Amino acid sequence: MTDHTAHNPDRHNSDNPDNPELDQTDADLADKDMLDTDDAFTRSVDSADTDSARPDSPVQATAGRTQPSSASNLQQLAAAVLAPLGYELLEVQVQNPGKRPTVVVRIDRHDEQPVSIEDLAKASRAVGAEYDRSDPITGEYRLELESPGAKRPLLRLRHFERMLGLKARVRGDGHSFTGPIVSSGENTVTFGTPDGEVTLKIGQFQANLAEFPTEHR
């Protein structure tokens, strides 16, 4: 059986996706009508049948009977089915790969609106069906769809433009620091550091949001 559950993976599960319980920290940061915390939709894959996913209903899913797969392959498969639905793939992570892996797929909306539970359910059905079809993972696994969250990856220029003024954690190109996003250029981003401003070229470093915005961006 597959239990579809909306939850914050860094906190606790909620049995009611329409009224997720937030701890005090989340409540201070997030509007309850906007799912910009680390909301997730999970899909445990351990059977041979497939059914449509609903946020409030357990369904059957297809077992993984597959060859080992890299995260890049999983990203390509997920991105191909998410883009036509209006979703941007931010990242795919394979957690606990030595046992029963969890495949975490983090998405955003192309129209930059908040990601809802319905969005996560829709994306979960699409990604789950594609993984069922292509069999990219060996054995049983858990599929988890997440909204961008407080540590969202910053991958392209528009991501940095949306988060101007907020802090980002930056690694690569000889740098490792956490500092505010000061400005953006044609293909560059400037950050503030204790030693002064640093300008880096997109694609030559990795960055994640390090400060949750007080309202949706």
# chains A, B, ... in the order shown; residues from 1 in each chain; ligands from 1
$ select_by_dssp --residues "stretch 129-215 of chain A" --states "alpha helix (DSSP H)" --output "PyMOL selection string"
chain A and resi 129-134+157-162
$ write_last_selection --atoms "N, CA and C atoms" --output "PDB file, in the first residue's frame"
ATOM      1  N   ALA A 129       4.418   7.800 -12.061  1.00  0.00           N
ATOM      2  CA  ALA A 129       4.083   7.009 -13.249  1.00  0.00           C
ATOM      3  C   ALA A 129       5.293   6.860 -14.170  1.00  0.00           C
ATOM      4  N   GLU A 130       6.087   7.929 -14.296  1.00  0.00           N
ATOM      5  CA  GLU A 130       7.264   7.859 -15.156  1.00  0.00           C
ATOM      6  C   GLU A 130       8.329   6.942 -14.563  1.00  0.00           C
ATOM      7  N   TYR A 131       8.517   7.011 -13.250  1.00  0.00           N
ATOM      8  CA  TYR A 131       9.474   6.110 -12.614  1.00  0.00           C
ATOM      9  C   TYR A 131       8.983   4.662 -12.691  1.00  0.00           C
ATOM     10  N   ASP A 132       7.673   4.452 -12.554  1.00  0.00           N
ATOM     11  CA  ASP A 132       7.115   3.108 -12.706  1.00  0.00           C
ATOM     12  C   ASP A 132       7.371   2.572 -14.116  1.00  0.00           C
ATOM     13  N   ARG A 133       7.218   3.442 -15.110  1.00  0.00           N
ATOM     14  CA  ARG A 133       7.381   3.028 -16.502  1.00  0.00           C
ATOM     15  C   ARG A 133       8.840   2.715 -16.831  1.00  0.00           C
ATOM     16  N   SER A 134       9.742   3.572 -16.363  1.00  0.00           N
ATOM     17  CA  SER A 134      11.145   3.435 -16.756  1.00  0.00           C
ATOM     18  C   SER A 134      11.957   2.589 -15.789  1.00  0.00           C
ATOM     19  N   LEU A 157      19.236  32.593 -12.952  1.00  0.00           N
ATOM     20  CA  LEU A 157      19.209  34.024 -12.644  1.00  0.00           C
ATOM     21  C   LEU A 157      17.901  34.449 -11.989  1.00  0.00           C
ATOM     22  N   ARG A 158      16.774  33.956 -12.499  1.00  0.00           N
ATOM     23  CA  ARG A 158      15.479  34.380 -11.968  1.00  0.00           C
ATOM     24  C   ARG A 158      15.325  33.997 -10.495  1.00  0.00           C
ATOM     25  N   HIS A 159      15.903  32.872 -10.097  1.00  0.00           N
ATOM     26  CA  HIS A 159      15.827  32.476  -8.693  1.00  0.00           C
ATOM     27  C   HIS A 159      16.472  33.522  -7.799  1.00  0.00           C
ATOM     28  N   PHE A 160      17.625  34.035  -8.212  1.00  0.00           N
ATOM     29  CA  PHE A 160      18.329  35.042  -7.413  1.00  0.00           C
ATOM     30  C   PHE A 160      17.592  36.377  -7.447  1.00  0.00           C
ATOM     31  N   GLU A 161      17.017  36.715  -8.598  1.00  0.00           N
ATOM     32  CA  GLU A 161      16.256  37.962  -8.694  1.00  0.00           C
ATOM     33  C   GLU A 161      15.070  37.943  -7.737  1.00  0.00           C
ATOM     34  N   ARG A 162      14.409  36.813  -7.625  1.00  0.00           N
ATOM     35  CA  ARG A 162      13.249  36.705  -6.734  1.00  0.00           C
ATOM     36  C   ARG A 162      13.635  36.837  -5.272  1.00  0.00           C
TER      37      ARG A 162
END
$ atom_distance --atom1 "atom CA of A:Ala123" --atom2 "atom CA of A:Val81"
8.5 Å
$ residues_around --residues "stretch 85-93 of chain A" --least-positions-apart "6" --cutoff "10 Å" --atoms "only C-alpha atoms" --output "PyMOL selection string"
chain A and resi 70-76+78-79+101-112+115+119-120+122-123+126+144-148+152-155
$ closest_residue --among "A:Val94, A:Leu77, A:Val170, A:Ala83" --to "A:Gly128" --atoms "only C-alpha atoms"
A:Leu77
$ closest_residue --among "A:Asp195, A:Leu209, A:Arg125, A:Asn96" --to "A:Pro180" --atoms "only C-alpha atoms"
A:Leu209
$ atom_distance --atom1 "atom CA of A:Tyr141" --atom2 "atom CA of A:Arg100"
5.5 Å
